[in-house]
$ cat protein-v1.cif   # mmCIF, C-alpha atoms; chains and numbers go by the auth columns
data_target
loop_
_atom_site.group_PDB
_atom_site.id
_atom_site.type_symbol
_atom_site.label_atom_id
_atom_site.label_comp_id
_atom_site.label_asym_id
_atom_site.label_seq_id
_atom_site.Cartn_x
_atom_site.Cartn_y
_atom_site.Cartn_z
_atom_site.B_iso_or_equiv
_atom_site.auth_seq_id
_atom_site.auth_asym_id
ATOM 1 C CA MET A 1 18.286 5.555 8.377 0.00 1 A
ATOM 2 C CA ASN A 2 18.646 2.654 5.971 0.00 2 A
ATOM 3 C CA LEU A 3 16.982 2.034 2.630 0.00 3 A
ATOM 4 C CA ARG A 4 16.884 -1.614 1.621 0.00 4 A
ATOM 5 C CA CYS A 5 17.529 -1.871 -2.140 0.00 5 A
ATOM 6 C CA ILE A 6 16.606 -4.999 -4.096 0.00 6 A
ATOM 7 C CA TYR A 7 17.432 -5.765 -7.720 0.00 7 A
ATOM 8 C CA ASP A 8 15.103 -8.723 -8.023 0.00 8 A
ATOM 9 C CA ILE A 9 14.887 -11.679 -10.387 0.00 9 A
ATOM 10 C CA PRO A 10 11.978 -11.888 -12.885 0.00 10 A
ATOM 11 C CA ARG A 11 8.754 -13.193 -11.340 0.00 11 A
ATOM 12 C CA ASP A 12 5.183 -13.777 -12.499 0.00 12 A
ATOM 13 C CA CYS A 13 2.738 -10.892 -12.299 0.00 13 A
ATOM 14 C CA SER A 14 0.705 -11.952 -9.270 0.00 14 A
ATOM 15 C CA THR A 15 3.868 -12.668 -7.237 0.00 15 A
ATOM 16 C CA ASN A 16 5.400 -9.294 -8.068 0.00 16 A
ATOM 17 C CA ILE A 17 2.262 -7.452 -7.007 0.00 17 A
ATOM 18 C CA ALA A 18 1.804 -9.634 -3.926 0.00 18 A
ATOM 19 C CA LEU A 19 5.374 -8.914 -2.813 0.00 19 A
ATOM 20 C CA ASP A 20 4.643 -5.191 -2.814 0.00 20 A
ATOM 21 C CA GLU A 21 1.700 -5.748 -0.478 0.00 21 A
ATOM 22 C CA VAL A 22 3.770 -8.069 1.733 0.00 22 A
ATOM 23 C CA PHE A 23 6.344 -5.316 2.236 0.00 23 A
ATOM 24 C CA PHE A 24 3.711 -2.595 2.596 0.00 24 A
ATOM 25 C CA SER A 25 1.868 -4.548 5.297 0.00 25 A
ATOM 26 C CA LYS A 26 4.895 -5.970 7.101 0.00 26 A
ATOM 27 C CA GLU A 27 4.632 -5.881 10.884 0.00 27 A
ATOM 28 C CA ASN A 28 8.357 -5.149 11.186 0.00 28 A
ATOM 29 C CA PHE A 29 8.214 -2.366 8.597 0.00 29 A
ATOM 30 C CA GLU A 30 11.358 -1.400 6.697 0.00 30 A
ATOM 31 C CA GLU A 31 12.044 1.147 3.974 0.00 31 A
ATOM 32 C CA ILE A 32 12.448 -0.634 0.621 0.00 32 A
ATOM 33 C CA PHE A 33 13.047 0.109 -3.039 0.00 33 A
ATOM 34 C CA ARG A 34 12.751 -2.888 -5.380 0.00 34 A
ATOM 35 C CA PHE A 35 13.374 -3.172 -9.111 0.00 35 A
ATOM 36 C CA TYR A 36 11.789 -6.198 -10.750 0.00 36 A
ATOM 37 C CA ARG A 37 10.969 -7.824 -14.091 0.00 37 A
ATOM 38 C CA TRP A 38 8.315 -10.181 -15.441 0.00 38 A
ATOM 39 C CA THR A 39 8.540 -13.824 -16.471 0.00 39 A
ATOM 40 C CA TYR A 40 5.700 -13.464 -18.984 0.00 40 A
ATOM 41 C CA PRO A 41 3.430 -10.682 -20.325 0.00 41 A
ATOM 42 C CA ALA A 42 0.510 -9.655 -18.109 0.00 42 A
ATOM 43 C CA TYR A 43 -1.634 -6.647 -17.274 0.00 43 A
ATOM 44 C CA THR A 44 -1.999 -4.900 -13.968 0.00 44 A
ATOM 45 C CA ILE A 45 -4.980 -2.639 -13.402 0.00 45 A
ATOM 46 C CA GLY A 46 -5.546 0.107 -10.848 0.00 46 A
ATOM 47 C CA TYR A 47 -7.533 -0.691 -7.726 0.00 47 A
ATOM 48 C CA PHE A 48 -10.667 1.162 -8.879 0.00 48 A
ATOM 49 C CA GLN A 49 -10.536 0.122 -12.545 0.00 49 A
ATOM 50 C CA LYS A 50 -13.203 -2.046 -14.104 0.00 50 A
ATOM 51 C CA PHE A 51 -11.980 -5.520 -15.023 0.00 51 A
ATOM 52 C CA PRO A 52 -11.735 -5.874 -18.842 0.00 52 A
ATOM 53 C CA GLU A 53 -14.207 -8.548 -19.875 0.00 53 A
ATOM 54 C CA THR A 54 -12.867 -8.646 -23.452 0.00 54 A
ATOM 55 C CA LYS A 55 -9.246 -8.403 -24.650 0.00 55 A
ATOM 56 C CA ASN A 56 -7.377 -9.173 -27.848 0.00 56 A
ATOM 57 C CA ASP A 57 -4.942 -11.492 -26.075 0.00 57 A
ATOM 58 C CA ASN A 58 -4.855 -14.163 -23.396 0.00 58 A
ATOM 59 C CA PHE A 59 -2.631 -12.327 -20.918 0.00 59 A
ATOM 60 C CA SER A 60 -3.647 -12.481 -17.281 0.00 60 A
ATOM 61 C CA VAL A 61 -5.003 -9.399 -15.497 0.00 61 A
ATOM 62 C CA ILE A 62 -4.026 -8.687 -11.894 0.00 62 A
ATOM 63 C CA ARG A 63 -5.551 -5.896 -9.800 0.00 63 A
ATOM 64 C CA ARG A 64 -3.105 -3.709 -7.853 0.00 64 A
ATOM 65 C CA ILE A 65 -3.787 -2.072 -4.496 0.00 65 A
ATOM 66 C CA THR A 66 -2.475 1.195 -5.952 0.00 66 A
ATOM 67 C CA GLY A 67 -4.560 3.446 -8.194 0.00 67 A
ATOM 68 C CA GLY A 68 -3.805 4.470 -11.749 0.00 68 A
ATOM 69 C CA LEU A 69 -4.582 2.861 -15.068 0.00 69 A
ATOM 70 C CA SER A 70 -3.908 -0.403 -16.872 0.00 70 A
ATOM 71 C CA VAL A 71 -0.289 -1.340 -17.632 0.00 71 A
ATOM 72 C CA LEU A 72 0.886 -4.135 -19.929 0.00 72 A
ATOM 73 C CA HIS A 73 4.060 -5.597 -18.442 0.00 73 A
ATOM 74 C CA ASN A 74 6.493 -7.534 -20.592 0.00 74 A
ATOM 75 C CA THR A 75 10.049 -6.306 -21.072 0.00 75 A
ATOM 76 C CA ASP A 76 9.671 -3.258 -18.810 0.00 76 A
ATOM 77 C CA LEU A 77 11.725 -2.753 -15.672 0.00 77 A
ATOM 78 C CA SER A 78 9.259 -2.115 -12.863 0.00 78 A
ATOM 79 C CA PHE A 79 9.797 -0.725 -9.397 0.00 79 A
ATOM 80 C CA SER A 80 8.204 -0.215 -6.016 0.00 80 A
ATOM 81 C CA LEU A 81 9.074 2.238 -3.275 0.00 81 A
ATOM 82 C CA ILE A 82 7.703 1.440 0.168 0.00 82 A
ATOM 83 C CA VAL A 83 8.617 4.017 2.816 0.00 83 A
ATOM 84 C CA SER A 84 7.335 5.844 5.876 0.00 84 A
ATOM 85 C CA ASP A 85 7.334 9.499 6.811 0.00 85 A
ATOM 86 C CA LYS A 86 10.509 8.852 8.816 0.00 86 A
ATOM 87 C CA LEU A 87 12.452 8.691 5.544 0.00 87 A
ATOM 88 C CA TRP A 88 10.275 10.084 2.762 0.00 88 A
ATOM 89 C CA PRO A 89 9.787 13.881 2.982 0.00 89 A
ATOM 90 C CA TYR A 90 6.711 13.971 0.715 0.00 90 A
ATOM 91 C CA ILE A 91 4.590 11.275 2.325 0.00 91 A
ATOM 92 C CA TYR A 92 1.460 13.458 2.058 0.00 92 A
ATOM 93 C CA ASP A 93 2.343 15.137 -1.250 0.00 93 A
ATOM 94 C CA GLN A 94 1.421 12.970 -4.217 0.00 94 A
ATOM 95 C CA GLU A 95 2.757 15.388 -6.842 0.00 95 A
ATOM 96 C CA LYS A 96 6.181 15.863 -5.223 0.00 96 A
ATOM 97 C CA THR A 97 6.516 12.111 -4.683 0.00 97 A
ATOM 98 C CA TYR A 98 5.793 11.502 -8.363 0.00 98 A
ATOM 99 C CA LYS A 99 8.182 14.247 -9.482 0.00 99 A
ATOM 100 C CA THR A 100 11.041 13.191 -7.202 0.00 100 A
ATOM 101 C CA ILE A 101 11.044 9.541 -8.255 0.00 101 A
ATOM 102 C CA HIS A 102 10.745 10.356 -11.956 0.00 102 A
ATOM 103 C CA GLU A 103 13.499 12.969 -11.783 0.00 103 A
ATOM 104 C CA ASN A 104 15.827 10.440 -10.147 0.00 104 A
ATOM 105 C CA ILE A 105 14.974 7.940 -12.887 0.00 105 A
ATOM 106 C CA ARG A 106 15.694 10.554 -15.571 0.00 106 A
ATOM 107 C CA CYS A 107 19.099 11.393 -14.100 0.00 107 A
ATOM 108 C CA SER A 108 20.015 7.733 -13.571 0.00 108 A
ATOM 109 C CA LEU A 109 19.150 6.793 -17.168 0.00 109 A
ATOM 110 C CA GLU A 110 21.817 9.213 -18.329 0.00 110 A
ATOM 111 C CA LYS A 111 24.368 6.801 -16.843 0.00 111 A
ATOM 112 C CA ILE A 112 23.519 4.420 -19.711 0.00 112 A
ATOM 113 C CA ASN A 113 23.261 7.238 -22.268 0.00 113 A
ATOM 114 C CA ILE A 114 19.481 7.483 -22.365 0.00 114 A
ATOM 115 C CA PHE A 115 18.362 11.091 -22.300 0.00 115 A
ATOM 116 C CA CYS A 116 14.637 11.639 -21.871 0.00 116 A
ATOM 117 C CA ASP A 117 12.366 14.624 -21.348 0.00 117 A
ATOM 118 C CA LYS A 118 9.558 15.221 -18.896 0.00 118 A
ATOM 119 C CA THR A 119 6.111 16.426 -19.777 0.00 119 A
ATOM 120 C CA PHE A 120 4.777 19.659 -18.331 0.00 120 A
ATOM 121 C CA VAL A 121 1.078 19.023 -19.001 0.00 121 A
ATOM 122 C CA GLU A 122 -1.102 19.007 -15.900 0.00 122 A
ATOM 123 C CA ASN A 123 -2.878 15.864 -17.091 0.00 123 A
ATOM 124 C CA SER A 124 -4.307 14.314 -20.212 0.00 124 A
ATOM 125 C CA SER A 125 -7.875 15.184 -21.146 0.00 125 A
ATOM 126 C CA SER A 126 -8.339 11.848 -22.883 0.00 126 A
ATOM 127 C CA LYS A 127 -10.060 8.988 -21.088 0.00 127 A
ATOM 128 C CA ASN A 128 -7.648 6.203 -21.900 0.00 128 A
ATOM 129 C CA TYR A 129 -7.699 2.854 -20.165 0.00 129 A
ATOM 130 C CA SER A 130 -3.917 2.490 -20.488 0.00 130 A
ATOM 131 C CA CYS A 131 -1.321 4.293 -18.389 0.00 131 A
ATOM 132 C CA VAL A 132 1.216 4.678 -21.225 0.00 132 A
ATOM 133 C CA GLN A 133 -1.390 6.450 -23.364 0.00 133 A
ATOM 134 C CA THR A 134 -2.203 9.020 -20.673 0.00 134 A
ATOM 135 C CA LEU A 135 0.134 11.891 -19.861 0.00 135 A
ATOM 136 C CA TYR A 136 0.548 13.514 -16.472 0.00 136 A
ATOM 137 C CA LYS A 137 2.838 16.265 -15.280 0.00 137 A
ATOM 138 C CA ASP A 138 6.407 14.951 -14.738 0.00 138 A
ATOM 139 C CA ASP A 139 5.931 11.793 -16.795 0.00 139 A
ATOM 140 C CA LEU A 140 9.082 10.906 -18.727 0.00 140 A
ATOM 141 C CA LEU A 141 9.151 10.891 -22.538 0.00 141 A
ATOM 142 C CA LEU A 142 11.595 9.523 -25.076 0.00 142 A
ATOM 143 C CA ASN A 143 11.119 10.550 -28.704 0.00 143 A
ATOM 144 C CA GLY A 144 7.671 11.822 -27.790 0.00 144 A
ATOM 145 C CA LYS A 145 6.574 8.513 -26.246 0.00 145 A
ATOM 146 C CA LYS A 146 5.801 8.038 -22.553 0.00 146 A
ATOM 147 C CA ILE A 147 8.302 5.618 -21.028 0.00 147 A
ATOM 148 C CA VAL A 148 7.787 6.048 -17.270 0.00 148 A
ATOM 149 C CA GLY A 149 4.663 6.261 -15.151 0.00 149 A
ATOM 150 C CA SER A 150 3.777 5.374 -11.564 0.00 150 A
ATOM 151 C CA CYS A 151 0.886 5.141 -9.111 0.00 151 A
ATOM 152 C CA GLN A 152 0.536 5.404 -5.353 0.00 152 A
ATOM 153 C CA ARG A 153 -1.240 4.151 -2.251 0.00 153 A
ATOM 154 C CA ARG A 154 -0.908 5.758 1.162 0.00 154 A
ATOM 155 C CA ARG A 155 -1.843 4.046 4.409 0.00 155 A
ATOM 156 C CA GLY A 156 -1.363 6.127 7.533 0.00 156 A
ATOM 157 C CA LYS A 157 2.238 7.299 7.564 0.00 157 A
ATOM 158 C CA LYS A 158 3.408 4.844 4.892 0.00 158 A
ATOM 159 C CA ILE A 159 3.333 5.080 1.104 0.00 159 A
ATOM 160 C CA LEU A 160 3.602 2.505 -1.682 0.00 160 A
ATOM 161 C CA VAL A 161 4.638 3.720 -5.128 0.00 161 A
ATOM 162 C CA GLU A 162 4.555 1.274 -8.053 0.00 162 A
ATOM 163 C CA GLY A 163 5.799 2.146 -11.523 0.00 163 A
ATOM 164 C CA SER A 164 7.379 0.879 -14.732 0.00 164 A
ATOM 165 C CA ILE A 165 10.116 1.961 -17.108 0.00 165 A
ATOM 166 C CA HIS A 166 9.152 0.953 -20.641 0.00 166 A
ATOM 167 C CA LEU A 167 12.544 0.763 -22.299 0.00 167 A
ATOM 168 C CA LYS A 168 14.563 -2.003 -23.914 0.00 168 A
ATOM 169 C CA MET A 169 17.590 -2.411 -21.680 0.00 169 A
ATOM 170 C CA ASN A 170 19.839 -5.439 -21.724 0.00 170 A
ATOM 171 C CA ALA A 171 20.802 -7.131 -18.457 0.00 171 A
ATOM 172 C CA GLU A 172 23.995 -5.113 -18.038 0.00 172 A
ATOM 173 C CA GLU A 173 22.335 -1.762 -18.806 0.00 173 A
ATOM 174 C CA SER A 174 19.462 -2.555 -16.473 0.00 174 A
ATOM 175 C CA LYS A 175 21.761 -3.355 -13.560 0.00 175 A
ATOM 176 C CA ILE A 176 23.986 -0.302 -14.136 0.00 176 A
ATOM 177 C CA PHE A 177 20.905 1.919 -14.208 0.00 177 A
ATOM 178 C CA ALA A 178 19.382 0.319 -11.098 0.00 178 A
ATOM 179 C CA TYR A 179 22.461 0.763 -8.938 0.00 179 A
ATOM 180 C CA GLU A 180 22.950 4.312 -10.183 0.00 180 A
ATOM 181 C CA PHE A 181 19.353 4.995 -9.155 0.00 181 A
ATOM 182 C CA PHE A 182 19.921 3.448 -5.709 0.00 182 A
ATOM 183 C CA LYS A 183 22.937 5.738 -5.246 0.00 183 A
ATOM 184 C CA ASN A 184 21.107 8.865 -6.409 0.00 184 A
ATOM 185 C CA LEU A 185 18.049 8.155 -4.279 0.00 185 A
ATOM 186 C CA SER A 186 20.112 7.493 -1.160 0.00 186 A
ATOM 187 C CA ASN A 187 22.003 10.755 -1.741 0.00 187 A
ATOM 188 C CA PHE A 188 18.698 12.610 -2.018 0.00 188 A
ATOM 189 C CA LEU A 189 17.341 11.002 1.144 0.00 189 A
ATOM 190 C CA LYS A 190 20.687 11.222 2.951 0.00 190 A
ATOM 191 C CA CYS A 191 20.411 7.596 4.027 0.00 191 A
ATOM 192 C CA ASN A 192 22.427 4.406 3.803 0.00 192 A
ATOM 193 C CA THR A 193 21.586 1.671 1.305 0.00 193 A
ATOM 194 C CA ILE A 194 21.571 -2.042 2.034 0.00 194 A
ATOM 195 C CA ASN A 195 21.633 -4.155 -1.136 0.00 195 A
ATOM 196 C CA ASN A 196 20.300 -7.680 -0.720 0.00 196 A
ATOM 197 C CA ASN A 197 17.792 -10.233 -2.027 0.00 197 A
ATOM 198 C CA LEU A 198 14.411 -11.447 -0.861 0.00 198 A
ATOM 199 C CA THR A 199 14.235 -13.918 1.995 0.00 199 A
ATOM 200 C CA ASN A 200 12.440 -17.266 1.850 0.00 200 A
ATOM 201 C CA ASP A 201 9.891 -15.981 4.356 0.00 201 A
ATOM 202 C CA GLU A 202 9.091 -13.017 2.093 0.00 202 A
ATOM 203 C CA THR A 203 8.613 -15.132 -1.023 0.00 203 A
ATOM 204 C CA ASP A 204 6.579 -17.681 0.950 0.00 204 A
ATOM 205 C CA SER A 205 4.309 -14.887 2.207 0.00 205 A
ATOM 206 C CA ALA A 206 3.840 -13.647 -1.366 0.00 206 A
ATOM 207 C CA ILE A 207 2.958 -17.134 -2.630 0.00 207 A
ATOM 208 C CA LYS A 208 0.393 -17.477 0.155 0.00 208 A
ATOM 209 C CA LEU A 209 -1.092 -14.067 -0.682 0.00 209 A
ATOM 210 C CA CYS A 210 -1.333 -15.020 -4.358 0.00 210 A
ATOM 211 C CA LYS A 211 -3.417 -18.082 -3.475 0.00 211 A
ATOM 212 C CA GLU A 212 -5.668 -16.131 -1.130 0.00 212 A
ATOM 213 C CA LYS A 213 -6.020 -12.953 -3.185 0.00 213 A
ATOM 214 C CA TYR A 214 -4.107 -12.150 -6.368 0.00 214 A
ATOM 215 C CA ASN A 215 -4.931 -15.351 -8.229 0.00 215 A
ATOM 216 C CA THR A 216 -8.646 -15.153 -7.438 0.00 216 A
ATOM 217 C CA ASP A 217 -11.549 -13.731 -9.444 0.00 217 A
ATOM 218 C CA LYS A 218 -12.974 -12.330 -6.218 0.00 218 A
ATOM 219 C CA TRP A 219 -10.102 -9.839 -6.083 0.00 219 A
ATOM 220 C CA ASN A 220 -9.227 -9.317 -9.744 0.00 220 A
ATOM 221 C CA LYS A 221 -12.880 -8.885 -10.805 0.00 221 A
ATOM 222 C CA LEU A 222 -13.716 -6.733 -7.800 0.00 222 A
ATOM 223 C CA PHE A 223 -15.135 -4.041 -10.105 0.00 223 A
#

$ encode --input "protein-v1.cif" --output "structure tokens"
Amino acid sequence: MNLRCIYDIPRDCSTNIALDEVFFSKENFEEIFRFYRWTYPAYTIGYFQKFPETKNDNFSVIRRITGGLSVLHNTDLSFSLIVSDKLWPYIYDQEKTYKTIHENIRCSLEKINIFCDKTFVENSSSKNYSCVQTLYKDDLLLNGKKIVGSCQRRRGKKILVEGSIHLKMNAEESKIFAYEFFKNLSNFLKCNTINNNLTNDETDSAIKLCKEKYNTDKWNKLF
């Protein structure tokens, strides 16, 4: 099988999140892993989270279709994995999915001389609103600080995993890491990789979805 791998250009928050849903809901479904960045700071919140009525900044807040907690995106390198049970062996195992992706990230970061640890706690007992302040088993830590977390949504025999790597990497380091990750993941899955960019139809679909959903209070203030 093939895994389509995209190292995307920076985009605004609503477009990035809309693109993940476009791929997840595509009629002609394909297995995709996308790395992406952000054109300006913004928050994403988990599907079931309450919308924050008060904040100390003016950053926009976009609701994801995945679960999890609030994430402030700025200089982080984010990612989404969108696959079916035809390729992903842990489609019904949330813990193994989480562990496998994070372990591949940990190994790939070593390519740019970043050596991080993983936490062994089952979960954090604190009731934080923010993802980076809440520890789960197999989260990645650097100097005691959480740098990688992710969240999931399963629909039938397909899964969407969204996550972020909160590290300062320059453009060269980021690209070296991303392509090392693509290689490691394809070796794990024993599949071929196809590296390309988004099509005009895909970006047009995301823009349309932003207007109808991700840029509306009806969706973002759902809870």

$ resolve_selection --input "protein-v1.cif" --expression "the PyMOL selection byres ((chain A and resi 11-24) around 9)" --output "ChimeraX atom specification"
/A:8-10,25-27,29-32,34,36-44,60-65,73,80-83,155,158-160,162,202-203,205-210,213-215

$ write_last_selection --input "protein-v1.cif" --atoms "C-alpha atoms" --output "JSON list (two decimals), in the coordinates of the input"
[["chain", "number", "residue", "atom", "x", "y", "z"],
["A", 8, "ASP", "CA", 15.10, -8.72, -8.02],
["A", 9, "ILE", "CA", 14.89, -11.68, -10.39],
["A", 10, "PRO", "CA", 11.98, -11.89, -12.88],
["A", 25, "SER", "CA", 1.87, -4.55, 5.30],
["A", 26, "LYS", "CA", 4.89, -5.97, 7.10],
["A", 27, "GLU", "CA", 4.63, -5.88, 10.88],
["A", 29, "PHE", "CA", 8.21, -2.37, 8.60],
["A", 30, "GLU", "CA", 11.36, -1.40, 6.70],
["A", 31, "GLU", "CA", 12.04, 1.15, 3.97],
["A", 32, "ILE", "CA", 12.45, -0.63, 0.62],
["A", 34, "ARG", "CA", 12.75, -2.89, -5.38],
["A", 36, "TYR", "CA", 11.79, -6.20, -10.75],
["A", 37, "ARG", "CA", 10.97, -7.82, -14.09],
["A", 38, "TRP", "CA", 8.32, -10.18, -15.44],
["A", 39, "THR", "CA", 8.54, -13.82, -16.47],
["A", 40, "TYR", "CA", 5.70, -13.46, -18.98],
["A", 41, "PRO", "CA", 3.43, -10.68, -20.32],
["A", 42, "ALA", "CA", 0.51, -9.65, -18.11],
["A", 43, "TYR", "CA", -1.63, -6.65, -17.27],
["A", 44, "THR", "CA", -2.00, -4.90, -13.97],
["A", 60, "SER", "CA", -3.65, -12.48, -17.28],
["A", 61, "VAL", "CA", -5.00, -9.40, -15.50],
["A", 62, "ILE", "CA", -4.03, -8.69, -11.89],
["A", 63, "ARG", "CA", -5.55, -5.90, -9.80],
["A", 64, "ARG", "CA", -3.10, -3.71, -7.85],
["A", 65, "ILE", "CA", -3.79, -2.07, -4.50],
["A", 73, "HIS", "CA", 4.06, -5.60, -18.44],
["A", 80, "SER", "CA", 8.20, -0.22, -6.02],
["A", 81, "LEU", "CA", 9.07, 2.24, -3.28],
["A", 82, "ILE", "CA", 7.70, 1.44, 0.17],
["A", 83, "VAL", "CA", 8.62, 4.02, 2.82],
["A", 155, "ARG", "CA", -1.84, 4.05, 4.41],
["A", 158, "LYS", "CA", 3.41, 4.84, 4.89],
["A", 159, "ILE", "CA", 3.33, 5.08, 1.10],
["A", 160, "LEU", "CA", 3.60, 2.50, -1.68],
["A", 162, "GLU", "CA", 4.56, 1.27, -8.05],
["A", 202, "GLU", "CA", 9.09, -13.02, 2.09],
["A", 203, "THR", "CA", 8.61, -15.13, -1.02],
["A", 205, "SER", "CA", 4.31, -14.89, 2.21],
["A", 206, "ALA", "CA", 3.84, -13.65, -1.37],
["A", 207, "ILE", "CA", 2.96, -17.13, -2.63],
["A", 208, "LYS", "CA", 0.39, -17.48, 0.16],
["A", 209, "LEU", "CA", -1.09, -14.07, -0.68],
["A", 210, "CYS", "CA", -1.33, -15.02, -4.36],
["A", 213, "LYS", "CA", -6.02, -12.95, -3.18],
["A", 214, "TYR", "CA", -4.11, -12.15, -6.37],
["A", 215, "ASN", "CA", -4.93, -15.35, -8.23]]

$ residues_around --input "protein-v1.cif" --residues "Lys99 in chain A" --least-positions-apart "6" --cutoff "10 Å" --atoms "all atoms listed in the file" --output "PDB file with C-alpha atoms, in the coordinates of the input"
ATOM      1  CA  ILE A 105      14.974   7.940 -12.887  1.00  0.00           C
ATOM      2  CA  LYS A 118       9.558  15.221 -18.896  1.00  0.00           C
ATOM      3  CA  LYS A 137       2.838  16.265 -15.280  1.00  0.00           C
ATOM      4  CA  ASP A 138       6.407  14.951 -14.738  1.00  0.00           C
ATOM      5  CA  ASP A 139       5.931  11.793 -16.795  1.00  0.00           C
ATOM      6  CA  LEU A 140       9.082  10.906 -18.727  1.00  0.00           C
TER       7      LEU A 140
END

$ closest_residue --input "protein-v1.cif" --among "A:Leu198, A:Leu69, A:Ala178, A:Leu189" --to "Asn2 in chain A" --atoms "all atoms listed in the file"
A:Leu189

$ atom_distance --input "protein-v1.cif" --atom1 "CA of Thr216 in chain A" --atom2 "CA of Val71 in chain A"
19.1 Å

$ closest_residue --input "protein-v1.cif" --among "A:Phe177, A:Phe182, A:Phe188, A:Phe223" --to "Ile112 in chain A" --atoms "all atoms listed in the file"
A:Phe177

$ atom_distance --input "protein-v1.cif" --atom1 "CA of Ile147 in chain A" --atom2 "CA of Cys116 in chain A"
8.8 Å

$ atom_distance --input "protein-v1.cif" --atom1 "CA of Ser174 in chain A" --atom2 "CA of Leu141 in chain A"
18.0 Å

$ residues_near_point --input "protein-v1.cif" --point "(15.1, 3.8, -15.6)" --cutoff "9 Å" --atoms "all atoms listed in the file" --output "compact mmCIF listing (two decimals) with C-alpha atoms, in the coordinates of the input"
# COMPACT_ATOMS: atom_id res chain seq x y z
CA LEU A 77 11.72 -2.75 -15.67
CA SER A 78 9.26 -2.12 -12.86
CA HIS A 102 10.74 10.36 -11.96
CA ASN A 104 15.83 10.44 -10.15
CA ILE A 105 14.97 7.94 -12.89
CA ARG A 106 15.69 10.55 -15.57
CA CYS A 107 19.10 11.39 -14.10
CA SER A 108 20.02 7.73 -13.57
CA LEU A 109 19.15 6.79 -17.17
CA ILE A 114 19.48 7.48 -22.36
CA ILE A 147 8.30 5.62 -21.03
CA VAL A 148 7.79 6.05 -17.27
CA SER A 164 7.38 0.88 -14.73
CA ILE A 165 10.12 1.96 -17.11
CA HIS A 166 9.15 0.95 -20.64
CA LEU A 167 12.54 0.76 -22.30
CA SER A 174 19.46 -2.56 -16.47
CA PHE A 177 20.90 1.92 -14.21
CA ALA A 178 19.38 0.32 -11.10
CA PHE A 181 19.35 5.00 -9.15

$ closest_residue --input "protein-v1.cif" --among "A:Phe33, A:Gly68, A:Glu173, A:Arg154" --to "Ile45 in chain A" --atoms "all atoms listed in the file"
A:Gly68

$ resolve_selection --input "protein-v1.cif" --expression "the PyMOL selection byres ((chain A and resi 48) around 7)" --output "count of residues only"
6

$ axis_aligned_box --input "protein-v1.cif" --around "range 59-76 of chain A" --padding-each-side "8 Å" --output "AutoDock Vina command-line options"
--center_x 2.2 --center_y -4.0 --center_z -12.8 --size_x 31.6 --size_y 33.0 --size_z 32.6

$ resolve_selection --input "protein-v1.cif" --expression "the PyMOL selection byres ((chain A and resi 94) around 10)" --output "ChimeraX atom specification"
/A:90-93,95-99,151-154,159,161

$ write_last_selection --input "protein-v1.cif" --atoms "C-alpha atoms" --output "mmCIF file, in the coordinates of the input"
data_model
loop_
_atom_site.group_PDB
_atom_site.id
_atom_site.type_symbol
_atom_site.label_atom_id
_atom_site.label_comp_id
_atom_site.auth_asym_id
_atom_site.auth_seq_id
_atom_site.Cartn_x
_atom_site.Cartn_y
_atom_site.Cartn_z
ATOM 1 C CA TYR A 90 6.711 13.971 0.715
ATOM 2 C CA ILE A 91 4.590 11.275 2.325
ATOM 3 C CA TYR A 92 1.460 13.458 2.058
ATOM 4 C CA ASP A 93 2.343 15.137 -1.250
ATOM 5 C CA GLU A 95 2.757 15.388 -6.842
ATOM 6 C CA LYS A 96 6.181 15.863 -5.223
ATOM 7 C CA THR A 97 6.516 12.111 -4.683
ATOM 8 C CA TYR A 98 5.793 11.502 -8.363
ATOM 9 C CA LYS A 99 8.182 14.247 -9.482
ATOM 10 C CA CYS A 151 0.886 5.141 -9.111
ATOM 11 C CA GLN A 152 0.536 5.404 -5.353
ATOM 12 C CA ARG A 153 -1.240 4.151 -2.251
ATOM 13 C CA ARG A 154 -0.908 5.758 1.162
ATOM 14 C CA ILE A 159 3.333 5.080 1.104
ATOM 15 C CA VAL A 161 4.638 3.720 -5.128
#

$ residues_near_point --input "protein-v1.cif" --point "(-14.1, -8.0, -14.5)" --cutoff "9 Å" --atoms "all atoms listed in the file" --output "MDAnalysis selection string"
chainID A and resid 50:53 217 220:223

$ decode --input "protein-v1.cif" --residues "range 203-210 of chain A" --atoms "N, CA and C atoms" --output "PDB file, in the first residue's frame"
ATOM      1  N   THR A 203      -7.440  22.256  -1.261  1.00  0.00           N
ATOM      2  CA  THR A 203      -7.432  23.544  -0.561  1.00  0.00           C
ATOM      3  C   THR A 203      -8.761  24.276  -0.754  1.00  0.00           C
ATOM      4  N   ASP A 204      -9.353  24.152  -1.927  1.00  0.00           N
ATOM      5  CA  ASP A 204     -10.665  24.772  -2.160  1.00  0.00           C
ATOM      6  C   ASP A 204     -11.724  24.160  -1.248  1.00  0.00           C
ATOM      7  N   SER A 205     -11.680  22.853  -1.063  1.00  0.00           N
ATOM      8  CA  SER A 205     -12.628  22.177  -0.172  1.00  0.00           C
ATOM      9  C   SER A 205     -12.448  22.636   1.260  1.00  0.00           C
ATOM     10  N   ALA A 206     -11.193  22.849   1.677  1.00  0.00           N
ATOM     11  CA  ALA A 206     -10.915  23.323   3.034  1.00  0.00           C
ATOM     12  C   ALA A 206     -11.426  24.741   3.236  1.00  0.00           C
ATOM     13  N   ILE A 207     -11.226  25.607   2.259  1.00  0.00           N
ATOM     14  CA  ILE A 207     -11.712  26.986   2.338  1.00  0.00           C
ATOM     15  C   ILE A 207     -13.235  27.013   2.463  1.00  0.00           C
ATOM     16  N   LYS A 208     -13.890  26.168   1.692  1.00  0.00           N
ATOM     17  CA  LYS A 208     -15.353  26.066   1.751  1.00  0.00           C
ATOM     18  C   LYS A 208     -15.799  25.586   3.130  1.00  0.00           C
ATOM     19  N   LEU A 209     -15.102  24.602   3.680  1.00  0.00           N
ATOM     20  CA  LEU A 209     -15.454  24.060   4.992  1.00  0.00           C
ATOM     21  C   LEU A 209     -15.209  25.080   6.104  1.00  0.00           C
ATOM     22  N   CYS A 210     -14.199  25.913   5.928  1.00  0.00           N
ATOM     23  CA  CYS A 210     -13.949  26.984   6.906  1.00  0.00           C
ATOM     24  C   CYS A 210     -15.129  27.945   6.961  1.00  0.00           C
TER      25      CYS A 210
END
